[in-house]
Structure formats: structure tokens, C-alpha cells
file final_20.pdb (PDB, C-alpha atoms)
ATOM      1  CA  MET A 534     -28.674   6.788  -0.756
ATOM      2  CA  ASN A 535     -29.827  10.410  -0.437
ATOM      3  CA  LYS A 536     -28.051  13.437  -1.907
ATOM      4  CA  ILE A 537     -26.371  14.453   1.368
ATOM      5  CA  ALA A 538     -25.004  10.942   1.952
ATOM      6  CA  CYS A 539     -23.676  10.797  -1.610
ATOM      7  CA  THR A 540     -21.939  14.145  -1.164
ATOM      8  CA  LEU A 541     -20.311  13.049   2.112
ATOM      9  CA  LEU A 542     -19.136   9.762   0.591
ATOM     10  CA  THR A 543     -17.650  11.620  -2.379
ATOM     11  CA  MET A 544     -15.777  13.963  -0.031
ATOM     12  CA  VAL A 545     -14.321  11.009   1.872
ATOM     13  CA  MET A 546     -13.227   9.234  -1.299
ATOM     14  CA  LEU A 547     -11.585  12.369  -2.737
ATOM     15  CA  ALA A 548      -9.648  12.883   0.494
ATOM     16  CA  ILE A 549      -8.011   9.438   0.265
ATOM     17  CA  PRO A 550      -4.770   9.358  -1.764
ATOM     18  CA  ALA A 551      -4.708   7.205  -4.884
ATOM     19  CA  MET A 552      -2.877   3.875  -4.921
ATOM     20  CA  SER A 553       0.171   3.387  -7.080
ATOM     21  CA  LYS A 554      -0.180   0.150  -9.047
ATOM     22  CA  ALA A 555       3.519   0.318  -9.936
ATOM     23  CA  ASP A 556       4.625  -0.211  -6.349
ATOM     24  CA  THR A 557       2.816  -3.250  -4.977
ATOM     25  CA  ARG A 558       4.542  -5.725  -2.678
ATOM     26  CA  GLN A 559       3.148  -9.122  -1.797
ATOM     27  CA  LEU A 560       3.897  -9.951   1.845
ATOM     28  CA  PHE A 561       2.491 -13.496   1.592
ATOM     29  CA  ASN A 562       4.105 -15.493  -1.207
ATOM     30  CA  GLY A 563       1.453 -18.232  -1.288
ATOM     31  CA  HIS A 564       3.974 -20.974  -0.489
ATOM     32  CA  ASP A 565       5.394 -20.526   3.007
ATOM     33  CA  LEU A 566       5.840 -18.076   5.887
ATOM     34  CA  ALA A 567       9.041 -16.468   4.599
ATOM     35  CA  GLY A 568       9.389 -13.012   6.133
ATOM     36  CA  TRP A 569       6.850 -13.665   8.874
ATOM     37  CA  LYS A 570       7.267 -14.425  12.584
ATOM     38  CA  HIS A 571       4.736 -15.760  15.076
ATOM     39  CA  VAL A 572       4.347 -14.824  18.738
ATOM     40  CA  GLY A 573       1.926 -16.214  21.295
ATOM     41  CA  ASP A 574      -0.215 -19.317  21.249
ATOM     42  CA  GLY A 575      -1.364 -21.313  18.260
ATOM     43  CA  ARG A 576       0.160 -20.948  14.830
ATOM     44  CA  PHE A 577      -0.462 -20.172  11.162
ATOM     45  CA  VAL A 578      -0.082 -22.814   8.469
ATOM     46  CA  VAL A 579      -0.051 -22.630   4.671
ATOM     47  CA  GLU A 580      -2.501 -25.005   2.993
ATOM     48  CA  ASP A 581      -3.202 -25.016  -0.744
ATOM     49  CA  GLY A 582      -1.761 -21.529  -1.097
ATOM     50  CA  LEU A 583      -3.819 -20.078   1.764
ATOM     51  CA  LEU A 584      -2.860 -18.827   5.218
ATOM     52  CA  HIS A 585      -4.858 -20.532   7.939
ATOM     53  CA  PRO A 586      -4.691 -19.949  11.722
ATOM     54  CA  GLU A 587      -4.856 -22.731  14.288
ATOM     55  CA  GLY A 588      -5.018 -22.802  18.081
ATOM     56  CA  GLY A 589      -5.061 -20.050  20.705
ATOM     57  CA  VAL A 590      -4.477 -16.309  20.645
ATOM     58  CA  GLY A 591      -1.343 -15.279  18.766
ATOM     59  CA  LEU A 592       0.010 -12.935  16.111
ATOM     60  CA  LEU A 593       1.734 -13.582  12.805
ATOM     61  CA  TRP A 594       3.667 -10.411  11.974
ATOM     62  CA  PHE A 595       5.658  -9.388   8.921
ATOM     63  CA  GLU A 596       9.171  -8.410   9.971
ATOM     64  CA  GLY A 597      10.411  -7.110   6.634
ATOM     65  CA  GLU A 598       9.313  -3.495   6.975
ATOM     66  CA  LYS A 599       7.338  -0.908   8.844
ATOM     67  CA  VAL A 600       4.424   0.366   6.789
ATOM     68  CA  SER A 601       3.246   3.956   6.403
ATOM     69  CA  ASP A 602       1.477   5.942   3.679
ATOM     70  CA  ALA A 603       0.239   2.808   1.968
ATOM     71  CA  VAL A 604      -2.773   0.587   1.514
ATOM     72  CA  VAL A 605      -2.654  -2.762   3.291
ATOM     73  CA  ARG A 606      -4.768  -5.136   1.221
ATOM     74  CA  VAL A 607      -5.991  -8.365   2.826
ATOM     75  CA  VAL A 608      -8.190 -10.875   1.022
ATOM     76  CA  TYR A 609      -9.870 -13.164   3.541
ATOM     77  CA  MET A 610     -12.741 -15.582   4.042
ATOM     78  CA  VAL A 611     -14.679 -16.561   7.150
ATOM     79  CA  ARG A 612     -16.627 -19.791   6.885
ATOM     80  CA  ALA A 613     -18.605 -19.355  10.105
ATOM     81  CA  ARG A 614     -20.363 -16.315  11.529
ATOM     82  CA  THR A 615     -18.531 -16.777  14.833
ATOM     83  CA  ASP A 616     -15.040 -16.753  13.274
ATOM     84  CA  ASN A 617     -12.756 -14.247  14.975
ATOM     85  CA  SER A 618      -9.543 -12.721  13.666
ATOM     86  CA  GLY A 619      -8.083  -9.321  12.879
ATOM     87  CA  VAL A 620      -5.463  -7.318  11.035
ATOM     88  CA  PHE A 621      -3.061  -5.242  13.137
ATOM     89  CA  VAL A 622      -1.399  -2.117  11.756
ATOM     90  CA  ARG A 623       0.910   0.515  13.245
ATOM     91  CA  ILE A 624       2.726  -1.936  15.569
ATOM     92  CA  PRO A 625       5.588   0.311  16.731
ATOM     93  CA  ASP A 626       8.193  -2.319  17.687
ATOM     94  CA  PRO A 627       8.837  -6.005  16.991
ATOM     95  CA  PRO A 628       6.255  -7.626  19.301
ATOM     96  CA  GLU A 629       7.645  -9.791  22.076
ATOM     97  CA  SER A 630       4.169 -11.117  22.900
ATOM     98  CA  GLN A 631       0.755 -11.236  21.270
ATOM     99  CA  TRP A 632      -0.668  -8.782  23.818
ATOM    100  CA  ILE A 633       1.658  -5.795  23.420
ATOM    101  CA  PRO A 634       0.234  -4.687  20.022
ATOM    102  CA  VAL A 635      -3.277  -4.693  21.504
ATOM    103  CA  ASP A 636      -2.300  -1.640  23.569
ATOM    104  CA  THR A 637       0.210  -0.009  21.226
ATOM    105  CA  ALA A 638      -1.235  -0.536  17.722
ATOM    106  CA  LEU A 639      -4.623  -0.606  15.976
ATOM    107  CA  GLU A 640      -6.618  -3.736  15.123
ATOM    108  CA  VAL A 641      -9.069  -3.905  12.253
ATOM    109  CA  GLN A 642     -11.534  -6.498  13.470
ATOM    110  CA  ILE A 643     -12.845  -9.577  11.674
ATOM    111  CA  ASN A 644     -15.905 -10.861  13.550
ATOM    112  CA  GLU A 645     -19.335 -11.038  11.926
ATOM    113  CA  ALA A 646     -21.020 -12.257  15.126
ATOM    114  CA  GLU A 647     -20.514  -9.043  17.083
ATOM    115  CA  GLU A 648     -23.549  -6.783  17.260
ATOM    116  CA  SER A 649     -21.685  -3.722  18.560
ATOM    117  CA  ASP A 650     -20.378  -1.553  15.736
ATOM    118  CA  TYR A 651     -17.177  -0.961  17.723
ATOM    119  CA  TYR A 652     -16.372  -4.699  17.803
ATOM    120  CA  ARG A 653     -17.552  -6.081  14.488
ATOM    121  CA  THR A 654     -15.846  -6.648  11.138
ATOM    122  CA  GLY A 655     -14.152  -3.572   9.725
ATOM    123  CA  SER A 656     -14.209  -1.557  12.916
ATOM    124  CA  ILE A 657     -10.929  -0.194  14.218
ATOM    125  CA  TYR A 658     -11.395  -2.256  17.344
ATOM    126  CA  THR A 659     -13.025  -0.069  20.044
ATOM    127  CA  PHE A 660     -11.517   3.099  18.494
ATOM    128  CA  SER A 661     -13.761   3.709  15.467
ATOM    129  CA  LYS A 662     -17.041   1.958  14.785
ATOM    130  CA  ALA A 663     -18.074   0.161  11.614
ATOM    131  CA  VAL A 664     -20.499   2.363   9.671
ATOM    132  CA  SER A 665     -21.460  -0.390   7.216
ATOM    133  CA  ARG A 666     -21.554  -4.183   7.104
ATOM    134  CA  PRO A 667     -20.363  -5.313   3.669
ATOM    135  CA  GLY A 668     -18.552  -8.510   4.763
ATOM    136  CA  ARG A 669     -19.817 -11.814   3.381
ATOM    137  CA  ILE A 670     -19.590 -15.205   5.080
ATOM    138  CA  GLY A 671     -18.347 -18.088   2.957
ATOM    139  CA  GLU A 672     -16.997 -15.768   0.248
ATOM    140  CA  TRP A 673     -13.738 -13.964  -0.378
ATOM    141  CA  ASN A 674     -13.702 -10.416   0.973
ATOM    142  CA  THR A 675     -11.225  -7.666   0.134
ATOM    143  CA  MET A 676     -10.205  -5.437   3.046
ATOM    144  CA  GLU A 677      -8.195  -2.334   2.244
ATOM    145  CA  ILE A 678      -6.664  -0.390   5.134
ATOM    146  CA  THR A 679      -5.342   2.993   4.041
ATOM    147  CA  LEU A 680      -2.571   4.409   6.226
ATOM    148  CA  ASP A 681      -2.241   8.087   5.412
ATOM    149  CA  GLY A 682      -0.109   9.835   7.993
ATOM    150  CA  LEU A 683      -2.032   9.390  11.242
ATOM    151  CA  ARG A 684      -5.303   8.612   9.475
ATOM    152  CA  THR A 685      -6.560   5.032   9.130
ATOM    153  CA  VAL A 686      -9.406   4.258   6.705
ATOM    154  CA  VAL A 687     -10.988   0.832   6.199
ATOM    155  CA  HIS A 688     -12.879  -0.367   3.137
ATOM    156  CA  ILE A 689     -14.314  -3.855   2.672
ATOM    157  CA  ASN A 690     -15.521  -4.911  -0.763
ATOM    158  CA  ASP A 691     -15.201  -1.246  -1.851
ATOM    159  CA  ALA A 692     -17.535   0.003   0.910
ATOM    160  CA  LEU A 693     -16.313   2.497   3.508
ATOM    161  CA  VAL A 694     -16.449   0.876   6.952
ATOM    162  CA  ALA A 695     -14.295   2.980   9.314
ATOM    163  CA  ASP A 696     -12.336   6.231   9.259
ATOM    164  CA  TYR A 697     -10.133   7.230  12.190
ATOM    165  CA  ASN A 698      -7.773  10.155  12.679
ATOM    166  CA  GLU A 699      -5.300  10.188  15.542
ATOM    167  CA  GLY A 700      -6.864  12.409  18.182
ATOM    168  CA  ASP A 701     -10.489  11.698  17.242
ATOM    169  CA  PRO A 702     -12.777  11.162  20.265
ATOM    170  CA  VAL A 703     -12.643   7.530  21.424
ATOM    171  CA  PRO A 704     -15.221   5.883  23.707
ATOM    172  CA  PRO A 705     -14.014   4.776  27.150
ATOM    173  CA  LYS A 706     -12.920   1.177  27.642
ATOM    174  CA  LYS A 707     -15.882  -1.151  28.039
ATOM    175  CA  ASN A 708     -14.032  -4.365  28.942
ATOM    176  CA  THR A 709     -10.782  -5.117  30.751
ATOM    177  CA  TRP A 710      -9.383  -6.674  27.563
ATOM    178  CA  ASP A 711     -10.084  -3.596  25.429
ATOM    179  CA  PRO A 712      -7.001  -1.736  24.151
ATOM    180  CA  GLU A 713      -5.461   0.996  26.235
ATOM    181  CA  ARG A 714      -6.181   4.457  24.910
ATOM    182  CA  GLY A 715      -3.356   6.683  23.762
ATOM    183  CA  PRO A 716      -1.522   7.750  20.601
ATOM    184  CA  ARG A 717      -0.501   5.298  17.898
ATOM    185  CA  PRO A 718       2.543   5.741  15.635
ATOM    186  CA  GLU A 719       2.566   6.969  12.058
ATOM    187  CA  SER A 720       4.228   3.764  10.854
ATOM    188  CA  GLY A 721       4.518   0.215  12.107
ATOM    189  CA  TYR A 722       4.468  -3.496  11.440
ATOM    190  CA  VAL A 723       1.517  -5.448  10.043
ATOM    191  CA  ALA A 724       0.169  -8.623  11.673
ATOM    192  CA  LEU A 725      -2.644 -11.159  11.405
ATOM    193  CA  GLN A 726      -4.344 -12.509  14.519
ATOM    194  CA  ASN A 727      -5.099 -16.124  15.263
ATOM    195  CA  HIS A 728      -7.863 -16.734  17.760
ATOM    196  CA  PRO A 729      -9.455 -19.799  19.421
ATOM    197  CA  HIS A 730     -12.663 -18.970  17.515
ATOM    198  CA  GLY A 731     -10.927 -18.410  14.188
ATOM    199  CA  ASN A 732     -10.171 -21.894  12.935
ATOM    200  CA  SER A 733     -12.110 -21.437   9.701
ATOM    201  CA  VAL A 734     -10.596 -18.078   8.711
ATOM    202  CA  TYR A 735      -8.476 -18.098   5.547
ATOM    203  CA  PHE A 736      -6.218 -15.484   3.945
ATOM    204  CA  ARG A 737      -5.130 -15.656   0.320
ATOM    205  CA  GLU A 738      -3.489 -12.249  -0.105
ATOM    206  CA  VAL A 739      -1.627  -9.801   2.115
ATOM    207  CA  SER A 740      -0.032  -6.991   0.137
ATOM    208  CA  ILE A 741       1.134  -3.404   0.417
ATOM    209  CA  HIS A 742       0.272  -0.765  -2.160
ATOM    210  CA  SER A 743       2.072   2.574  -2.048
ATOM    211  CA  ILE A 744      -0.133   5.649  -2.314
ATOM    212  CA  ASP A 745       0.455   8.823  -4.302
ATOM    213  CA  LYS A 746       0.374  11.952  -2.140
TER     214      LYS A 746
END

call {"tool": "encode", "arguments": {"input": "final_20.pdb", "output": "C-alpha cells"}}
result
Amino acid sequence: MNKIACTLLTMVMLAIPAMSKADTRQLFNGHDLAGWKHVGDGRFVVEDGLLHPEGGVGLLWFEGEKVSDAVVRVVYMVRARTDNSGVFVRIPDPPESQWIPVDTALEVQINEAEESDYYRTGSIYTFSKAVSRPGRIGEWNTMEITLDGLRTVVHINDALVADYNEGDPVPPKKNTWDPERGPRPESGYVALQNHPHGNSVYFREVSIHSIDK
């Protein structure tokens, strides 16, 4: 990494508020789906302490609280390159279907097969491209999504992957299924996506860490 790149990375890291270890809340208890609701097709099951999606396109969302000014930490594994899933943040209202959050929230993508940086793992799906590719197949990966006001920053395995501020330029829609453009809220619900191509995706931690501002 050259000197300019190191300086830019340092500036980004310094601009992100620090996490408070004293205020950490586990959303997934490792035993059952207490606190979670599912909408859409398919389902999530708990097997050997892990969350595992099955079936068609749906969303498992945590109804206990809206999240803002915090770090959403998700520890996940994909066992196949073609596995597809995602983590939704900033869902403004309790979702009545799996499709509403696509157009009203932000999705942090999990998909190692995508070649486009706007659609692959760690991108803020079609809003902010992935600038690095630190995800590993067949191993546990730690995704940290920092929600700081209207800024959303994604790290995977401690590497910066995406950084999006509300109002940043966004490319036009490429596909009919791409999210509608428009503002996203400062706070919202968190959800995990199940997908027909995500049957070997596993989650072992979903937690919220408050940040010091």
C-alpha cells in the first residue's frame, strides 16, 4: 500500500466513531428465533447454534428495536461461491413483505460470485461499490456495518469494503429488480435475507454495539 492510500485509510478510520464494549446486545441467542419475525418465502432454522436459511426469497427481521448510531456485527460463513444472502439495515417500518425493504432500506450484499463491485459481498447493494474483497469461502467472516447518522460503513475481516453517505451520487438502476433510489432513514430494523441460492449460508452471531460519539 502506498503512502497516499495509507493516509486515506487512516482518515477513514479516524472518522468512524469508536465502539463501546460496555453496551453490546446479542440479537441472536444461539438457541431459537426469539425476537425475530420472518416474512416472505422460505424460512430460517437454528441448527447446532447457527442460523441457517432455507427455501425462497424472504427476510428474517429483528423486531425488538430500531438501530441507529451503532455497529451491526454479523459473523457468517458461505460454503459455496454462489451462495447469496444479505444483511438489511435502516428498514423504516415493520416489513409486511420481503420486497418492501429492498426499496426503502439498504442491503449489504453477501455474494462472492458477482463480478460487479456494486453487487458483490460487502457492497451496499447497487448504492456503494465494494472497494476490496476480503471475504473468505468456507471460513467464518466478520462483517461490521457502522451506522453513524446517515453514513453507512462496511468492514469485513477488518478491511474497509464500502462507505456511503446519504446523498452521495448513486449509479442509475441497471436491472428491474434493483432498489429504487431515494433517501433512507437514520434508524431502522435489521434483517437477514434468505435466498434460493443461499442454502449453505450460516450465521453464528448477530449483535449490536453502541458507538461513542

call {"tool": "resolve_selection", "arguments": {"input": "final_20.pdb", "expression": "the PyMOL selection byres ((chain A and resi 602) around 6)", "output": "list in words"}}
result
Ser601, Ala603, Leu680 and Asp681 of chain A

call {"tool": "axis_aligned_box", "arguments": {"input": "final_20.pdb", "around": "stretch 684-693 of chain A", "padding_each_side": "3 Å", "output": "AutoDock Vina command-line options"}}
result
--center_x -11.4 --center_y 1.9 --center_z 3.8 --size_x 18.2 --size_y 19.5 --size_z 17.3

call {"tool": "residues_around", "arguments": {"input": "final_20.pdb", "residues": "A:Trp569", "least_positions_apart": "4", "cutoff": "12 Å", "atoms": "all atoms listed in the file", "output": "VMD selection string"}}
result
chain A and resid 560 to 562 565 576 to 578 584 592 to 598 627 722 to 725 739

call {"tool": "resolve_selection", "arguments": {"input": "final_20.pdb", "expression": "the PyMOL selection byres ((chain A and resi 688) around 12)", "output": "PyMOL selection string"}}
result
chain A and resi 545-546+549+604-608+641+654-657+663-668+674-680+685-687+689-696

call {"tool": "atom_distance", "arguments": {"input": "final_20.pdb", "atom1": "atom CA of A:His742", "atom2": "atom CA of A:Asp556"}}
result
6.1 Å

call {"tool": "closest_residue", "arguments": {"input": "final_20.pdb", "among": "A:Phe660, A:Asn732, A:Arg612, A:Thr709", "to": "A:Tyr697", "atoms": "all atoms listed in the file"}}
result
A:Phe660

call {"tool": "closest_residue", "arguments": {"input": "final_20.pdb", "among": "A:Glu580, A:Glu738, A:Asp701, A:Asp636", "to": "A:Lys662", "atoms": "all atoms listed in the file"}}
result
A:Asp701

call {"tool": "atom_distance", "arguments": {"input": "final_20.pdb", "atom1": "atom CA of A:Tyr651", "atom2": "atom CA of A:Val703"}}
result
10.3 Å

call {"tool": "atom_distance", "arguments": {"input": "final_20.pdb", "atom1": "atom CA of A:Asp581", "atom2": "atom CA of A:Tyr735"}}
result
10.7 Å

call {"tool": "residues_around", "arguments": {"input": "final_20.pdb", "residues": "A:Pro628", "least_positions_apart": "5", "cutoff": "8 Å", "atoms": "all atoms listed in the file", "output": "PyMOL selection string"}}
result
chain A and resi 572+633-634

call {"tool": "write_last_selection", "arguments": {"input": "final_20.pdb", "atoms": "C-alpha atoms", "output": "tab-separated table (two decimals), keeping the file's coordinate frame"}}
result
chain	number	residue	atom	x	y	z
A	572	VAL	CA	4.35	-14.82	18.74
A	633	ILE	CA	1.66	-5.80	23.42
A	634	PRO	CA	0.23	-4.69	20.02

call {"tool": "residues_around", "arguments": {"input": "final_20.pdb", "residues": "A:Asp574", "least_positions_apart": "3", "cutoff": "9 Å", "atoms": "all atoms listed in the file", "output": "ChimeraX atom specification"}}
result
/A:571,588-592,631,727-728

call {"tool": "closest_residue", "arguments": {"input": "final_20.pdb", "among": "A:Arg714, A:Gly682, A:Gly582, A:Ala646", "to": "A:Leu566", "atoms": "all atoms listed in the file"}}
result
A:Gly582

call {"tool": "closest_residue", "arguments": {"input": "final_20.pdb", "among": "A:Glu648, A:Glu672, A:Val579, A:Arg614", "to": "A:His564", "atoms": "only C-alpha atoms"}}
result
A:Val579

call {"tool": "build_atoms", "arguments": {"input": "final_20.pdb", "residues": "stretch 709-741 of chain A", "atoms": "N, CA and C atoms", "output": "PDB file, in the coordinates of the input"}}
result
ATOM      1  N   THR A 709     -12.169  -5.137  30.282  1.00  0.00           N
ATOM      2  CA  THR A 709     -10.782  -5.117  30.751  1.00  0.00           C
ATOM      3  C   THR A 709      -9.815  -5.481  29.627  1.00  0.00           C
ATOM      4  N   TRP A 710     -10.271  -6.254  28.643  1.00  0.00           N
ATOM      5  CA  TRP A 710      -9.383  -6.674  27.563  1.00  0.00           C
ATOM      6  C   TRP A 710      -9.357  -5.663  26.404  1.00  0.00           C
ATOM      7  N   ASP A 711     -10.126  -4.613  26.477  1.00  0.00           N
ATOM      8  CA  ASP A 711     -10.084  -3.596  25.429  1.00  0.00           C
ATOM      9  C   ASP A 711      -8.723  -2.905  25.408  1.00  0.00           C
ATOM     10  N   PRO A 712      -8.307  -2.404  24.243  1.00  0.00           N
ATOM     11  CA  PRO A 712      -7.001  -1.736  24.151  1.00  0.00           C
ATOM     12  C   PRO A 712      -6.914  -0.499  25.038  1.00  0.00           C
ATOM     13  N   GLU A 713      -5.707  -0.248  25.531  1.00  0.00           N
ATOM     14  CA  GLU A 713      -5.461   0.996  26.235  1.00  0.00           C
ATOM     15  C   GLU A 713      -5.583   2.156  25.249  1.00  0.00           C
ATOM     16  N   ARG A 714      -6.096   3.267  25.735  1.00  0.00           N
ATOM     17  CA  ARG A 714      -6.181   4.457  24.910  1.00  0.00           C
ATOM     18  C   ARG A 714      -4.806   5.125  24.851  1.00  0.00           C
ATOM     19  N   GLY A 715      -4.631   6.013  23.903  1.00  0.00           N
ATOM     20  CA  GLY A 715      -3.356   6.683  23.762  1.00  0.00           C
ATOM     21  C   GLY A 715      -2.941   6.758  22.305  1.00  0.00           C
ATOM     22  N   PRO A 716      -1.935   7.554  21.997  1.00  0.00           N
ATOM     23  CA  PRO A 716      -1.522   7.750  20.601  1.00  0.00           C
ATOM     24  C   PRO A 716      -0.917   6.489  19.990  1.00  0.00           C
ATOM     25  N   ARG A 717      -1.114   6.364  18.683  1.00  0.00           N
ATOM     26  CA  ARG A 717      -0.501   5.298  17.898  1.00  0.00           C
ATOM     27  C   ARG A 717       0.480   5.929  16.914  1.00  0.00           C
ATOM     28  N   PRO A 718       1.500   5.157  16.487  1.00  0.00           N
ATOM     29  CA  PRO A 718       2.543   5.741  15.635  1.00  0.00           C
ATOM     30  C   PRO A 718       2.093   5.919  14.192  1.00  0.00           C
ATOM     31  N   GLU A 719       2.876   6.714  13.463  1.00  0.00           N
ATOM     32  CA  GLU A 719       2.566   6.969  12.058  1.00  0.00           C
ATOM     33  C   GLU A 719       2.909   5.772  11.179  1.00  0.00           C
ATOM     34  N   SER A 720       3.855   4.951  11.618  1.00  0.00           N
ATOM     35  CA  SER A 720       4.228   3.764  10.854  1.00  0.00           C
ATOM     36  C   SER A 720       4.402   2.595  11.806  1.00  0.00           C
ATOM     37  N   GLY A 721       4.352   1.386  11.253  1.00  0.00           N
ATOM     38  CA  GLY A 721       4.518   0.215  12.107  1.00  0.00           C
ATOM     39  C   GLY A 721       4.395  -1.078  11.324  1.00  0.00           C
ATOM     40  N   TYR A 722       4.553  -2.175  12.041  1.00  0.00           N
ATOM     41  CA  TYR A 722       4.468  -3.496  11.440  1.00  0.00           C
ATOM     42  C   TYR A 722       3.014  -3.923  11.256  1.00  0.00           C
ATOM     43  N   VAL A 723       2.827  -4.871  10.344  1.00  0.00           N
ATOM     44  CA  VAL A 723       1.517  -5.448  10.043  1.00  0.00           C
ATOM     45  C   VAL A 723       1.471  -6.863  10.592  1.00  0.00           C
ATOM     46  N   ALA A 724       0.305  -7.266  11.130  1.00  0.00           N
ATOM     47  CA  ALA A 724       0.169  -8.623  11.673  1.00  0.00           C
ATOM     48  C   ALA A 724      -1.243  -9.142  11.458  1.00  0.00           C
ATOM     49  N   LEU A 725      -1.347 -10.465  11.430  1.00  0.00           N
ATOM     50  CA  LEU A 725      -2.644 -11.159  11.405  1.00  0.00           C
ATOM     51  C   LEU A 725      -2.831 -11.867  12.734  1.00  0.00           C
ATOM     52  N   GLN A 726      -4.052 -11.877  13.221  1.00  0.00           N
ATOM     53  CA  GLN A 726      -4.344 -12.509  14.519  1.00  0.00           C
ATOM     54  C   GLN A 726      -4.896 -13.911  14.329  1.00  0.00           C
ATOM     55  N   ASN A 727      -4.396 -14.842  15.144  1.00  0.00           N
ATOM     56  CA  ASN A 727      -5.099 -16.124  15.263  1.00  0.00           C
ATOM     57  C   ASN A 727      -5.816 -16.157  16.616  1.00  0.00           C
ATOM     58  N   HIS A 728      -6.945 -16.807  16.626  1.00  0.00           N
ATOM     59  CA  HIS A 728      -7.863 -16.734  17.760  1.00  0.00           C
ATOM     60  C   HIS A 728      -8.492 -18.108  17.953  1.00  0.00           C
ATOM     61  N   PRO A 729      -8.823 -18.485  19.203  1.00  0.00           N
ATOM     62  CA  PRO A 729      -9.455 -19.799  19.421  1.00  0.00           C
ATOM     63  C   PRO A 729     -10.745 -19.993  18.632  1.00  0.00           C
ATOM     64  N   HIS A 730     -11.416 -18.879  18.281  1.00  0.00           N
ATOM     65  CA  HIS A 730     -12.663 -18.970  17.515  1.00  0.00           C
ATOM     66  C   HIS A 730     -12.451 -18.631  16.044  1.00  0.00           C
ATOM     67  N   GLY A 731     -11.213 -18.786  15.571  1.00  0.00           N
ATOM     68  CA  GLY A 731     -10.927 -18.410  14.188  1.00  0.00           C
ATOM     69  C   GLY A 731     -10.390 -19.534  13.340  1.00  0.00           C
ATOM     70  N   ASN A 732     -10.769 -20.761  13.642  1.00  0.00           N
ATOM     71  CA  ASN A 732     -10.171 -21.894  12.935  1.00  0.00           C
ATOM     72  C   ASN A 732     -10.666 -22.079  11.507  1.00  0.00           C
ATOM     73  N   SER A 733     -11.694 -21.348  11.109  1.00  0.00           N
ATOM     74  CA  SER A 733     -12.110 -21.437   9.701  1.00  0.00           C
ATOM     75  C   SER A 733     -12.015 -20.076   9.021  1.00  0.00           C
ATOM     76  N   VAL A 734     -10.962 -19.313   9.407  1.00  0.00           N
ATOM     77  CA  VAL A 734     -10.596 -18.078   8.711  1.00  0.00           C
ATOM     78  C   VAL A 734      -9.448 -18.399   7.756  1.00  0.00           C
ATOM     79  N   TYR A 735      -9.526 -17.865   6.536  1.00  0.00           N
ATOM     80  CA  TYR A 735      -8.476 -18.098   5.547  1.00  0.00           C
ATOM     81  C   TYR A 735      -8.065 -16.768   4.913  1.00  0.00           C
ATOM     82  N   PHE A 736      -6.763 -16.658   4.611  1.00  0.00           N
ATOM     83  CA  PHE A 736      -6.218 -15.484   3.945  1.00  0.00           C
ATOM     84  C   PHE A 736      -5.520 -15.945   2.669  1.00  0.00           C
ATOM     85  N   ARG A 737      -5.816 -15.283   1.560  1.00  0.00           N
ATOM     86  CA  ARG A 737      -5.130 -15.656   0.320  1.00  0.00           C
ATOM     87  C   ARG A 737      -4.237 -14.542  -0.221  1.00  0.00           C
ATOM     88  N   GLU A 738      -4.382 -13.338   0.321  1.00  0.00           N
ATOM     89  CA  GLU A 738      -3.489 -12.249  -0.105  1.00  0.00           C
ATOM     90  C   GLU A 738      -3.260 -11.292   1.055  1.00  0.00           C
ATOM     91  N   VAL A 739      -2.001 -10.907   1.239  1.00  0.00           N
ATOM     92  CA  VAL A 739      -1.627  -9.801   2.115  1.00  0.00           C
ATOM     93  C   VAL A 739      -0.602  -9.001   1.325  1.00  0.00           C
ATOM     94  N   SER A 740      -0.935  -7.781   0.983  1.00  0.00           N
ATOM     95  CA  SER A 740      -0.032  -6.991   0.137  1.00  0.00           C
ATOM     96  C   SER A 740      -0.037  -5.537   0.575  1.00  0.00           C
ATOM     97  N   ILE A 741       0.965  -4.809   0.101  1.00  0.00           N
ATOM     98  CA  ILE A 741       1.134  -3.404   0.417  1.00  0.00           C
ATOM     99  C   ILE A 741       1.157  -2.634  -0.898  1.00  0.00           C
TER     100      ILE A 741
END
